[in-house]
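What follows is the content of data-v5.txt (compact mmCIF, C-alpha atoms).
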```txt
# COMPACT_ATOMS: atom_id res chain seq x y z
CA MET A 1 -109.42 -100.68 75.66
CA THR A 2 -110.06 -101.42 79.30
CA THR A 3 -113.76 -101.28 80.11
CA SER A 4 -115.46 -100.45 83.37
CA GLY A 5 -119.13 -99.82 83.98
CA PRO A 6 -120.56 -96.43 84.88
CA ALA A 7 -119.45 -95.35 88.33
CA ALA A 8 -119.19 -92.25 90.47
CA ILE A 9 -116.93 -91.19 93.34
CA ALA A 10 -117.94 -88.24 95.51
CA ALA A 11 -115.76 -86.39 97.98
CA ARG A 12 -115.86 -83.18 99.95
CA ARG A 13 -112.36 -82.50 98.65
CA VAL A 14 -111.61 -83.29 95.00
CA PHE A 15 -108.50 -81.74 93.46
CA LEU A 16 -109.67 -79.89 90.35
CA GLY A 17 -107.06 -77.77 88.64
CA THR A 18 -105.48 -75.84 91.48
CA THR A 19 -107.76 -76.34 94.47
CA PHE A 20 -109.95 -78.76 96.39
CA VAL A 21 -113.72 -78.53 95.91
CA PRO A 22 -116.72 -80.73 96.78
CA ALA A 23 -117.55 -82.75 93.66
CA THR A 24 -118.60 -86.04 92.15
CA VAL A 25 -116.46 -87.64 89.46
CA ARG A 26 -118.40 -89.81 87.04
CA PHE A 27 -116.70 -92.24 84.67
CA ALA A 28 -117.50 -95.08 82.29
CA ASP A 29 -115.44 -97.32 80.04
CA GLY A 30 -112.32 -96.03 81.73
CA ILE A 31 -112.95 -92.37 80.85
CA ILE A 32 -114.14 -89.50 83.03
CA THR A 33 -117.52 -88.43 81.69
CA ALA A 34 -118.52 -85.60 84.00
CA ILE A 35 -117.61 -83.53 87.05
CA ALA A 36 -120.80 -82.81 89.01
CA ALA A 37 -121.83 -81.37 92.34
CA PHE A 38 -121.20 -83.46 95.45
CA ASP A 39 -123.67 -86.36 95.47
CA PRO A 40 -124.14 -88.05 98.86
CA ASP A 41 -125.73 -91.00 97.04
CA ALA A 42 -122.82 -91.66 94.65
CA ASP A 43 -121.53 -95.21 94.26
CA THR A 44 -118.55 -94.35 96.46
CA VAL A 45 -118.58 -91.48 98.95
CA LEU A 46 -115.26 -90.72 100.58
CA PRO A 47 -115.09 -90.02 104.30
CA ASP A 48 -114.24 -86.49 105.31
CA ASP A 49 -110.63 -87.40 106.12
CA ALA A 50 -109.94 -88.54 102.54
CA VAL A 51 -109.32 -86.54 99.36
CA LEU A 52 -109.66 -87.52 95.72
CA LEU A 53 -106.61 -86.80 93.60
CA PRO A 54 -105.80 -87.21 89.93
CA GLY A 55 -103.42 -90.12 89.43
CA LEU A 56 -99.85 -88.91 89.74
CA VAL A 57 -97.49 -88.78 86.75
CA ASP A 58 -93.91 -89.93 87.33
CA THR A 59 -91.67 -89.33 84.33
CA HIS A 60 -88.48 -90.75 85.89
CA VAL A 61 -88.62 -94.45 86.76
CA HIS A 62 -86.10 -97.24 86.14
CA LEU A 63 -87.90 -100.57 85.80
CA ASP A 64 -84.79 -102.44 84.57
CA GLU A 65 -86.59 -104.98 82.39
CA PRO A 66 -85.57 -106.84 80.29
CA GLY A 67 -82.13 -107.93 81.39
CA ARG A 68 -82.03 -106.85 85.04
CA THR A 69 -85.35 -108.03 86.42
CA GLU A 70 -83.59 -109.10 89.61
CA TRP A 71 -83.33 -105.33 90.23
CA GLU A 72 -87.03 -104.51 89.65
CA GLY A 73 -89.24 -105.32 86.64
CA PHE A 74 -92.54 -104.20 85.13
CA ALA A 75 -94.72 -106.25 87.48
CA THR A 76 -93.23 -105.10 90.78
CA GLY A 77 -92.35 -101.57 89.65
CA THR A 78 -95.81 -100.73 88.34
CA ALA A 79 -97.39 -102.29 91.44
CA ALA A 80 -95.28 -99.98 93.60
CA ALA A 81 -96.31 -97.03 91.43
CA ALA A 82 -99.99 -97.85 91.92
CA ALA A 83 -99.48 -98.16 95.67
CA GLY A 84 -97.97 -94.66 95.59
CA GLY A 85 -100.89 -93.15 93.67
CA VAL A 86 -98.92 -93.02 90.40
CA THR A 87 -101.04 -94.02 87.40
CA THR A 88 -98.75 -92.95 84.56
CA LEU A 89 -95.00 -93.43 84.48
CA LEU A 90 -92.18 -93.18 81.97
CA ASP A 91 -89.47 -95.83 82.00
CA MET A 92 -85.84 -94.83 81.59
CA PRO A 93 -83.65 -96.33 78.84
CA LEU A 94 -81.26 -97.85 81.41
CA ASN A 95 -80.68 -100.02 83.45
CA SER A 96 -82.43 -102.53 81.23
CA SER A 97 -80.39 -104.74 78.94
CA PRO A 98 -80.41 -103.98 76.10
CA VAL A 99 -80.49 -100.27 76.79
CA THR A 100 -83.21 -98.47 74.83
CA THR A 101 -81.06 -96.82 72.17
CA THR A 102 -82.42 -98.54 69.04
CA PRO A 103 -85.89 -99.39 67.72
CA ASP A 104 -85.11 -103.09 68.20
CA ALA A 105 -84.25 -102.52 71.86
CA LEU A 106 -87.51 -100.62 72.34
CA ALA A 107 -89.39 -103.51 70.76
CA ALA A 108 -87.72 -105.93 73.19
CA LYS A 109 -88.73 -103.75 76.14
CA ARG A 110 -92.31 -103.50 74.93
CA ALA A 111 -92.51 -107.26 74.50
CA ALA A 112 -91.24 -107.76 78.05
CA ALA A 113 -93.93 -105.44 79.42
CA GLN A 114 -96.92 -107.30 78.01
CA GLY A 115 -99.45 -108.38 80.62
CA LYS A 116 -97.49 -106.95 83.56
CA LEU A 117 -98.60 -103.32 83.75
CA ALA A 118 -100.61 -102.15 86.75
CA VAL A 119 -100.40 -98.54 85.48
CA ASP A 120 -99.88 -96.80 82.14
CA ILE A 121 -96.31 -96.62 80.88
CA GLY A 122 -94.34 -94.82 78.20
CA TYR A 123 -90.67 -95.05 77.30
CA TRP A 124 -87.69 -92.73 77.09
CA GLY A 125 -85.03 -93.52 74.51
CA GLY A 126 -81.33 -93.00 75.06
CA ALA A 127 -78.93 -90.61 73.32
CA VAL A 128 -75.45 -92.14 73.38
CA PRO A 129 -72.37 -91.60 71.20
CA GLU A 130 -73.23 -94.62 69.05
CA ASN A 131 -76.73 -93.55 67.98
CA LEU A 132 -76.23 -89.85 67.25
CA GLY A 133 -77.60 -89.21 63.76
CA ALA A 134 -80.26 -91.92 64.20
CA LEU A 135 -82.38 -90.34 66.93
CA ARG A 136 -85.26 -89.60 64.55
CA ASP A 137 -85.62 -93.34 63.87
CA LEU A 138 -85.94 -94.07 67.59
CA ALA A 139 -88.45 -91.25 67.94
CA GLY A 140 -90.45 -92.79 65.11
CA ALA A 141 -90.52 -96.08 67.01
CA GLY A 142 -92.43 -94.37 69.82
CA VAL A 143 -90.18 -93.00 72.57
CA VAL A 144 -91.31 -89.73 74.15
CA GLY A 145 -87.80 -88.23 74.19
CA PHE A 146 -84.16 -88.99 74.84
CA LYS A 147 -82.04 -89.36 77.97
CA CYS A 148 -78.34 -88.59 78.02
CA PHE A 149 -75.59 -88.42 80.62
CA LEU A 150 -72.79 -85.86 80.69
CA SER A 151 -70.78 -88.08 83.05
CA PRO A 152 -70.41 -91.88 83.26
CA SER A 153 -73.79 -93.51 83.79
CA GLY A 154 -72.55 -96.48 85.81
CA ILE A 155 -73.62 -98.83 83.00
CA ASP A 156 -70.89 -99.56 80.45
CA GLU A 157 -73.33 -99.98 77.56
CA PHE A 158 -74.83 -96.51 78.07
CA GLY A 159 -72.02 -94.07 77.33
CA HIS A 160 -72.07 -90.37 78.16
CA LEU A 161 -71.87 -87.39 75.80
CA ASP A 162 -69.09 -84.84 75.76
CA ALA A 163 -69.72 -81.19 74.91
CA ASP A 164 -69.38 -81.70 71.15
CA GLN A 165 -71.67 -84.73 71.19
CA LEU A 166 -74.23 -82.81 73.25
CA ASP A 167 -74.18 -80.12 70.57
CA ARG A 168 -74.68 -82.74 67.86
CA ALA A 169 -77.55 -84.37 69.73
CA LEU A 170 -79.40 -81.10 70.31
CA ALA A 171 -78.86 -79.92 66.75
CA GLU A 172 -80.34 -83.21 65.53
CA LEU A 173 -83.29 -83.07 67.92
CA ALA A 174 -84.03 -79.48 66.96
CA THR A 175 -84.80 -80.66 63.42
CA PHE A 176 -87.90 -82.52 64.67
CA ASP A 177 -88.47 -80.75 68.01
CA GLY A 178 -87.37 -83.74 70.04
CA LEU A 179 -86.74 -83.44 73.79
CA LEU A 180 -83.41 -84.22 75.45
CA ILE A 181 -83.43 -84.95 79.17
CA VAL A 182 -80.01 -84.62 80.76
CA HIS A 183 -78.20 -86.10 83.73
CA ALA A 184 -76.12 -82.99 84.37
CA GLU A 185 -72.88 -83.60 86.22
CA ASP A 186 -69.54 -82.40 84.82
CA PRO A 187 -67.03 -85.27 85.12
CA ALA A 188 -64.19 -82.78 85.57
CA HIS A 189 -65.40 -82.22 89.13
CA LEU A 190 -66.13 -85.84 90.05
CA HIS A 191 -63.97 -88.16 92.12
CA ALA A 192 -62.59 -91.11 90.18
CA ASP A 193 -64.32 -94.45 90.68
CA GLY A 194 -63.13 -96.45 93.65
CA PRO A 195 -63.37 -96.82 97.41
CA LEU A 196 -64.41 -93.81 99.48
CA GLY A 197 -65.14 -95.34 102.85
CA VAL A 198 -68.26 -95.54 104.98
CA HIS A 199 -68.63 -91.84 105.80
CA TYR A 200 -71.31 -90.09 103.75
CA ARG A 201 -69.43 -86.78 103.93
CA ASP A 202 -66.67 -88.29 101.77
CA PHE A 203 -69.13 -89.39 99.11
CA LEU A 204 -70.78 -85.97 99.20
CA ALA A 205 -67.42 -84.28 98.68
CA SER A 206 -66.74 -86.55 95.70
CA ARG A 207 -69.70 -85.06 93.78
CA PRO A 208 -69.66 -81.35 94.61
CA PRO A 209 -72.38 -78.90 93.56
CA GLU A 210 -69.96 -77.32 91.06
CA SER A 211 -70.35 -80.43 88.95
CA GLU A 212 -74.07 -79.88 88.55
CA ARG A 213 -73.79 -76.14 88.13
CA ASP A 214 -71.23 -76.31 85.33
CA ALA A 215 -73.08 -79.08 83.50
CA ILE A 216 -76.38 -77.21 83.69
CA ARG A 217 -74.70 -74.10 82.32
CA LEU A 218 -73.34 -76.14 79.41
CA VAL A 219 -76.82 -77.49 78.65
CA ILE A 220 -78.34 -74.01 78.83
CA GLU A 221 -75.83 -72.51 76.42
CA THR A 222 -76.09 -75.42 73.98
CA ALA A 223 -79.88 -75.25 74.05
CA ARG A 224 -79.72 -71.50 73.53
CA ARG A 225 -77.50 -71.95 70.48
CA THR A 226 -79.45 -74.80 68.88
CA GLY A 227 -82.99 -73.81 69.88
CA ALA A 228 -83.66 -77.35 71.10
CA ARG A 229 -85.84 -78.40 74.03
CA VAL A 230 -83.98 -79.61 77.13
CA HIS A 231 -84.92 -80.90 80.56
CA ILE A 232 -82.56 -81.37 83.50
CA VAL A 233 -83.31 -84.45 85.56
CA HIS A 234 -82.97 -84.86 89.35
CA VAL A 235 -81.58 -81.42 90.21
CA SER A 236 -80.06 -81.61 93.68
CA ASP A 237 -78.06 -78.34 93.70
CA GLY A 238 -80.31 -75.48 94.76
CA SER A 239 -77.65 -72.92 93.84
CA ALA A 240 -78.08 -73.88 90.17
CA LEU A 241 -81.64 -72.55 90.11
CA ASP A 242 -80.61 -68.94 89.47
CA ASP A 243 -79.05 -70.00 86.16
CA VAL A 244 -82.27 -71.82 85.27
CA ARG A 245 -84.40 -68.81 86.17
CA ALA A 246 -82.28 -66.55 83.97
CA ALA A 247 -82.38 -69.03 81.09
CA LYS A 248 -86.16 -69.33 81.26
CA ALA A 249 -86.46 -65.53 81.30
CA ASP A 250 -84.28 -65.40 78.19
CA GLY A 251 -86.53 -67.84 76.35
CA VAL A 252 -84.32 -70.92 76.53
CA ARG A 253 -86.56 -73.96 76.23
CA ILE A 254 -85.62 -75.59 79.50
CA THR A 255 -87.50 -77.39 82.26
CA ILE A 256 -86.15 -79.03 85.41
CA GLU A 257 -87.18 -81.59 87.99
CA THR A 258 -86.17 -82.53 91.49
CA CYS A 259 -86.98 -85.58 93.59
CA PRO A 260 -88.52 -86.46 96.95
CA HIS A 261 -85.18 -87.51 98.42
CA TYR A 262 -83.65 -84.10 97.75
CA LEU A 263 -86.64 -82.32 99.27
CA THR A 264 -86.98 -84.49 102.38
CA LEU A 265 -83.63 -86.05 103.35
CA ASP A 266 -80.66 -84.22 104.89
CA ALA A 267 -77.02 -85.18 104.36
CA ALA A 268 -76.40 -84.61 108.07
CA ASP A 269 -78.76 -87.48 108.91
CA VAL A 270 -77.30 -90.15 106.60
CA PRO A 271 -75.78 -92.94 108.74
CA ASP A 272 -72.34 -94.36 108.02
CA GLY A 273 -72.45 -97.13 105.44
CA ALA A 274 -76.14 -96.59 104.65
CA ALA A 275 -76.10 -97.13 100.90
CA ALA A 276 -79.89 -96.94 100.72
CA PHE A 277 -79.26 -93.16 100.74
CA LYS A 278 -76.69 -93.17 97.93
CA CYS A 279 -77.72 -91.55 94.65
CA CYS A 280 -76.07 -89.41 91.98
CA PRO A 281 -76.14 -86.46 92.28
CA PRO A 282 -76.13 -86.83 96.06
CA ILE A 283 -78.50 -85.78 98.82
CA ARG A 284 -77.11 -82.46 100.06
CA ASP A 285 -77.52 -80.36 103.20
CA ARG A 286 -80.49 -78.55 104.71
CA ALA A 287 -79.48 -75.11 103.39
CA ASN A 288 -79.43 -76.52 99.87
CA GLN A 289 -82.81 -78.16 100.48
CA ASP A 290 -84.22 -74.77 101.45
CA LEU A 291 -83.19 -73.42 98.04
CA LEU A 292 -84.91 -76.31 96.29
CA TRP A 293 -88.14 -75.67 98.19
CA THR A 294 -87.96 -72.03 97.13
CA GLY A 295 -87.79 -73.29 93.55
CA VAL A 296 -90.83 -75.47 94.16
CA VAL A 297 -92.89 -72.59 95.48
CA ASP A 298 -91.82 -69.97 92.93
CA GLY A 299 -92.30 -72.25 89.91
CA THR A 300 -88.67 -72.61 88.83
CA ILE A 301 -88.93 -76.35 89.36
CA ASP A 302 -91.39 -77.88 86.90
CA ALA A 303 -91.77 -81.38 88.31
CA ILE A 304 -91.18 -83.58 91.34
CA VAL A 305 -90.54 -87.16 90.24
CA SER A 306 -89.09 -90.20 91.97
CA ASP A 307 -85.99 -91.19 89.98
CA HIS A 308 -86.88 -94.65 91.26
CA SER A 309 -83.60 -96.47 90.64
CA PRO A 310 -83.51 -99.80 92.47
CA SER A 311 -80.93 -102.56 92.48
CA THR A 312 -80.38 -105.84 94.27
CA SER A 313 -79.84 -105.91 98.00
CA GLU A 314 -76.34 -107.22 97.39
CA LEU A 315 -75.38 -104.14 95.35
CA LYS A 316 -76.73 -101.85 98.07
CA SER A 317 -75.27 -103.77 101.03
CA GLU A 318 -71.70 -102.64 100.37
CA PRO A 319 -71.03 -100.07 103.14
CA ASP A 320 -68.34 -98.23 101.18
CA PHE A 321 -70.14 -95.31 99.49
CA GLY A 322 -67.70 -95.44 96.58
CA LEU A 323 -68.47 -99.08 95.79
CA SER A 324 -72.19 -99.48 96.49
CA TRP A 325 -74.78 -98.96 93.76
CA GLY A 326 -76.20 -95.44 93.56
CA GLY A 327 -79.96 -95.24 93.35
CA ILE A 328 -82.99 -94.44 95.52
CA SER A 329 -86.13 -96.58 95.58
CA GLY A 330 -88.94 -94.06 95.92
CA VAL A 331 -91.86 -94.43 93.52
CA GLN A 332 -94.19 -95.77 96.24
CA THR A 333 -93.37 -93.26 98.98
CA GLY A 334 -92.86 -90.05 97.00
CA LEU A 335 -96.23 -88.41 97.62
CA SER A 336 -96.21 -89.13 101.35
CA ALA A 337 -92.62 -87.97 101.78
CA VAL A 338 -93.13 -84.72 99.86
CA HIS A 339 -96.44 -83.98 101.59
CA THR A 340 -94.85 -84.54 105.00
CA ALA A 341 -91.96 -82.17 104.29
CA ALA A 342 -94.19 -79.58 102.64
CA ARG A 343 -96.60 -79.55 105.57
CA ALA A 344 -93.71 -78.99 107.99
CA ARG A 345 -92.82 -75.89 105.95
CA GLY A 346 -96.38 -74.57 105.83
CA ILE A 347 -96.78 -75.48 102.16
CA ARG A 348 -100.21 -76.80 101.23
CA LEU A 349 -100.80 -80.07 99.42
CA GLU A 350 -102.43 -78.22 96.53
CA GLN A 351 -99.19 -76.28 95.98
CA VAL A 352 -97.12 -79.42 95.37
CA LEU A 353 -99.68 -81.56 93.56
CA PRO A 354 -99.25 -79.84 90.17
CA LEU A 355 -95.54 -80.70 90.25
CA MET A 356 -96.44 -84.37 90.65
CA THR A 357 -99.27 -84.42 88.09
CA THR A 358 -99.61 -81.83 85.34
CA GLY A 359 -96.00 -80.64 85.56
CA PRO A 360 -94.41 -83.96 84.58
CA ALA A 361 -97.18 -84.61 82.06
CA ARG A 362 -96.61 -81.27 80.37
CA LEU A 363 -92.84 -81.59 80.02
CA ALA A 364 -93.19 -85.06 78.49
CA GLY A 365 -96.03 -84.13 76.13
CA LEU A 366 -98.62 -86.34 77.83
CA GLY A 367 -101.59 -84.09 77.16
CA GLY A 368 -104.13 -83.82 79.95
CA ARG A 369 -102.64 -86.52 82.16
CA GLY A 370 -102.63 -85.63 85.82
CA THR A 371 -106.02 -83.90 85.73
CA ILE A 372 -109.53 -84.86 86.73
CA ALA A 373 -111.49 -83.67 83.71
CA PRO A 374 -114.06 -85.01 81.24
CA GLY A 375 -112.43 -86.96 78.45
CA GLN A 376 -109.36 -87.89 80.47
CA PRO A 377 -108.62 -91.43 81.67
CA ALA A 378 -110.27 -92.25 84.99
CA HIS A 379 -106.94 -92.27 86.80
CA LEU A 380 -107.66 -91.45 90.42
CA ALA A 381 -106.06 -91.81 93.84
CA ILE A 382 -107.78 -91.72 97.22
CA PHE A 383 -105.40 -90.13 99.70
CA ARG A 384 -105.65 -89.63 103.46
CA PRO A 385 -103.53 -86.51 103.99
CA ASP A 386 -103.66 -86.49 107.81
CA GLU A 387 -103.00 -90.15 108.55
CA GLU A 388 -99.54 -91.01 109.87
CA THR A 389 -97.69 -94.18 108.95
CA VAL A 390 -94.27 -95.58 109.77
CA VAL A 391 -92.49 -96.73 106.62
CA ASP A 392 -91.65 -100.42 106.74
CA ALA A 393 -89.53 -101.31 103.74
CA ALA A 394 -90.55 -104.97 104.01
CA THR A 395 -94.13 -104.06 103.13
CA LEU A 396 -93.32 -102.07 99.99
CA GLU A 397 -94.14 -103.47 96.56
CA TYR A 398 -90.54 -103.27 95.28
CA ARG A 399 -88.74 -106.43 94.26
CA ASN A 400 -85.89 -105.40 96.59
CA LYS A 401 -87.30 -104.12 99.86
CA MET A 402 -85.18 -101.04 100.54
CA SER A 403 -86.03 -97.43 101.35
CA PRO A 404 -84.12 -94.49 102.83
CA TRP A 405 -87.42 -93.59 104.56
CA HIS A 406 -87.53 -96.94 106.39
CA GLY A 407 -88.53 -96.30 110.00
CA GLN A 408 -89.61 -92.71 109.37
CA THR A 409 -93.09 -91.48 110.24
CA LEU A 410 -94.74 -89.91 107.19
CA THR A 411 -98.03 -88.06 107.06
CA GLY A 412 -100.43 -88.98 104.27
CA ILE A 413 -101.07 -92.37 102.74
CA VAL A 414 -102.64 -93.65 99.53
CA GLU A 415 -105.78 -95.62 100.31
CA SER A 416 -106.58 -96.81 96.79
CA THR A 417 -105.76 -96.16 93.15
CA TYR A 418 -107.92 -96.41 90.04
CA VAL A 419 -106.46 -96.95 86.57
CA HIS A 420 -108.89 -96.56 83.65
CA GLY A 421 -111.69 -96.66 86.20
CA VAL A 422 -110.57 -100.00 87.64
CA PRO A 423 -109.49 -100.19 91.31
CA VAL A 424 -106.05 -101.73 90.89
CA TYR A 425 -104.75 -101.02 94.40
CA ARG A 426 -106.32 -100.99 97.84
CA ARG A 427 -104.16 -100.51 100.89
CA GLY A 428 -103.14 -103.78 102.49
CA GLN A 429 -104.28 -105.90 99.55
CA PRO A 430 -102.48 -107.40 96.55
CA ILE A 431 -102.65 -105.61 93.21
CA ALA A 432 -106.11 -106.42 91.86
CA ALA A 433 -105.67 -105.87 88.11
CA ARG A 434 -103.06 -105.34 85.41
CA VAL A 435 -104.90 -102.85 83.21
CA GLY A 436 -102.11 -100.45 82.29
CA HIS A 437 -101.72 -99.21 78.71
CA GLU A 438 -98.59 -98.41 76.78
CA LEU A 439 -98.16 -94.80 75.67
CA ILE A 440 -96.39 -94.94 72.33
CA ALA A 441 -95.56 -91.49 71.02
CA GLY A 442 -97.17 -90.72 67.70
CA ALA A 443 -99.37 -93.81 67.74
CA GLU A 444 -103.12 -93.65 67.55
CA GLY A 445 -104.52 -93.83 71.05
CA THR A 446 -101.25 -92.80 72.68
CA HIS A 447 -103.05 -90.85 75.38
CA ALA A 448 -106.07 -93.14 75.70
```

Kindly present the structure from the file in structure tokens form.
Amino acid sequence: MTTSGPAAIAARRVFLGTTFVPATVRFADGIITAIAAFDPDADTVLPDDAVLLPGLVDTHVHLDEPGRTEWEGFATGTAAAAAGGVTTLLDMPLNSSPVTTTPDALAAKRAAAQGKLAVDIGYWGGAVPENLGALRDLAGAGVVGFKCFLSPSGIDEFGHLDADQLDRALAELATFDGLLIVHAEDPAHLHADGPLGVHYRDFLASRPPESERDAIRLVIETARRTGARVHIVHVSDGSALDDVRAAKADGVRITIETCPHYLTLDAADVPDGAAAFKCCPPIRDRANQDLLWTGVVDGTIDAIVSDHSPSTSELKSEPDFGLSWGGISGVQTGLSAVHTAARARGIRLEQVLPLMTTGPARLAGLGGRGTIAPGQPAHLAIFRPDEETVVDAATLEYRNKMSPWHGQTLTGIVESTYVHGVPVYRRGQPIAARVGHELIAGAEGTHA
């Protein structure tokens, strides 16, 4: 258990539940002990232009270790998370090698993480054709749920599920109420692998919205039939939200997420050959983005998470959109990017914060994470919501310094981040401590 002495942070604006209020947050031994009235004599008193937030929860991060640490890694990835105000993240079962589809692979990943964690971390397992029928064993080893693809993942060792295999996986998970999170693109609508050229419009046409829509409908109907819990990751197609709304109204156990890049970037602005913008499913147009923001405001979308999916500069330097690696690096800039876009639409910070805190925590079963409340870890972020900054990819904490927001002016910046009451990040300084815990599902102290 990380220890920290008694301390208190006071601010005129502390995000408690759904709104900002004047308050003092007291904590000791890494745990919040009390929420009190604003105390001008507290150990730390924030200036009026700063707000105190609960640490963000990001349930969709690829850290790529072991096996592909030249892409990212626990040390750099969790440092970037802390710099973005994220204090709890969940690591995806790929693109590490081995992929996290067996208890032994999970043990290898956990061993690789030791001593490197700037923030708390849990692990998704994978559901692939080879491990269907053995998902309960992987759940027992401590993963929080299972990721599958309905189209090729881009990694040969992580195969995708067809409709029958999806049915088998959900029927199996329903027996112990496991959660399946789904990359939902129907391969019948996707362009075959190969060169596409440097024009983004050609890549966009190769992964049309029909692919997402049909795959999401398949997941909905299979979940309806089996009674299993499902979650759709990185929804980019706003026209699919009506199907999700109807499914939720019918009692289907479904949640969905979208990502900062879909809410803030416009296909019309992607330069030729700019593979930093390539991801699957793709960044779509402004009209589609409007539909996603409607889903944010009306509650259809349950979470906004980064899908931080880095790779080497070499894999992203290929200007042909069909050949370059698909993945956005975004765990450090997500809050600023979303806040900037929301503000431009007249949407208040307090309206989007739940989707970056309690929303992801709830869908992944992480208890009270993402809240400032007595008994919760003292995971806190000091944020300056009105300060502008120009994104310089070279200054980001990622192993590979790339960002589709490079050169953009964003409003709002994380000043510092506390993990278990310890200040692990201060703007402009190196990471000060590696105090992150593992969150192992079912283990004593999982949510400590």

With 8 Å as the threshold, what does the neighbourhood of (-76.9, -71.8, 87.3) contain in terms of residues, counting all atoms listed in the file? Coordinates are those of the file; answer as a PyMOL selection string.
chain A and resi 213-214+216-217+239-244

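If you measure from each of A:Arg343, A:Val338, A:Ala247, A:Arg201 to Tyr262 of chain A using only C-alpha atoms, the closest one turns out to be A:Val338.
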
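Between Ala432 of chain A and the candidates A:His231, A:Ala393, A:Leu349, A:Val419, the tightest atom-to-atom separation, counting all atoms listed in the file, involves A:Val419.
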
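The residue that comes closest to Leu353 of chain A, out of A:Gly85, A:His62, A:Arg286, A:Leu180 and on the basis of all atoms listed in the file, is A:Gly85.
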
So that I can see what lies close to Gln165 of chain A, please list as a ChimeraX atom specification the residues with an atom at most 10 Å from it, counting all atoms listed in the file and leaving out residues fewer than 3 positions away in the same chain.
/A:127-129,132,150,160-162,168-171

Rounded to one decimal place, report the atom CA of Ile328 of chain A-atom CA of Pro260 of chain A distance in Å.
9.8 Å

Could you give me the axis-aligned bounding box of segment 244-253 of chain A, with 6 Å of padding per side, as centre plus edge lengths in Å to one decimal, as lines of an AutoDock Vina configuration file?
```
center_x = -84.4
center_y = -69.7
center_z = 81.2
size_x = 16.3
size_y = 20.6
size_z = 21.9
```

Looking at only C-alpha atoms, which of A:Val435, A:Ala113, A:Val252, A:Ala342 is the one that sits closest to Ala75 of chain A?
A:Ala113

Within 10 Å of Arg245 of chain A using only C-alpha atoms, minus same-chain residues under 6 positions, as a PyMOL selection string:
chain A and resi 252+254-255+295+299-301

If you count only C-alpha atoms, which residues fall within 12 Å of Ala344 of chain A, apart from same-chain ones fewer than 3 positions away, as a ChimeraX atom specification?
/A:263-264,293,337-341,347-349,410-411
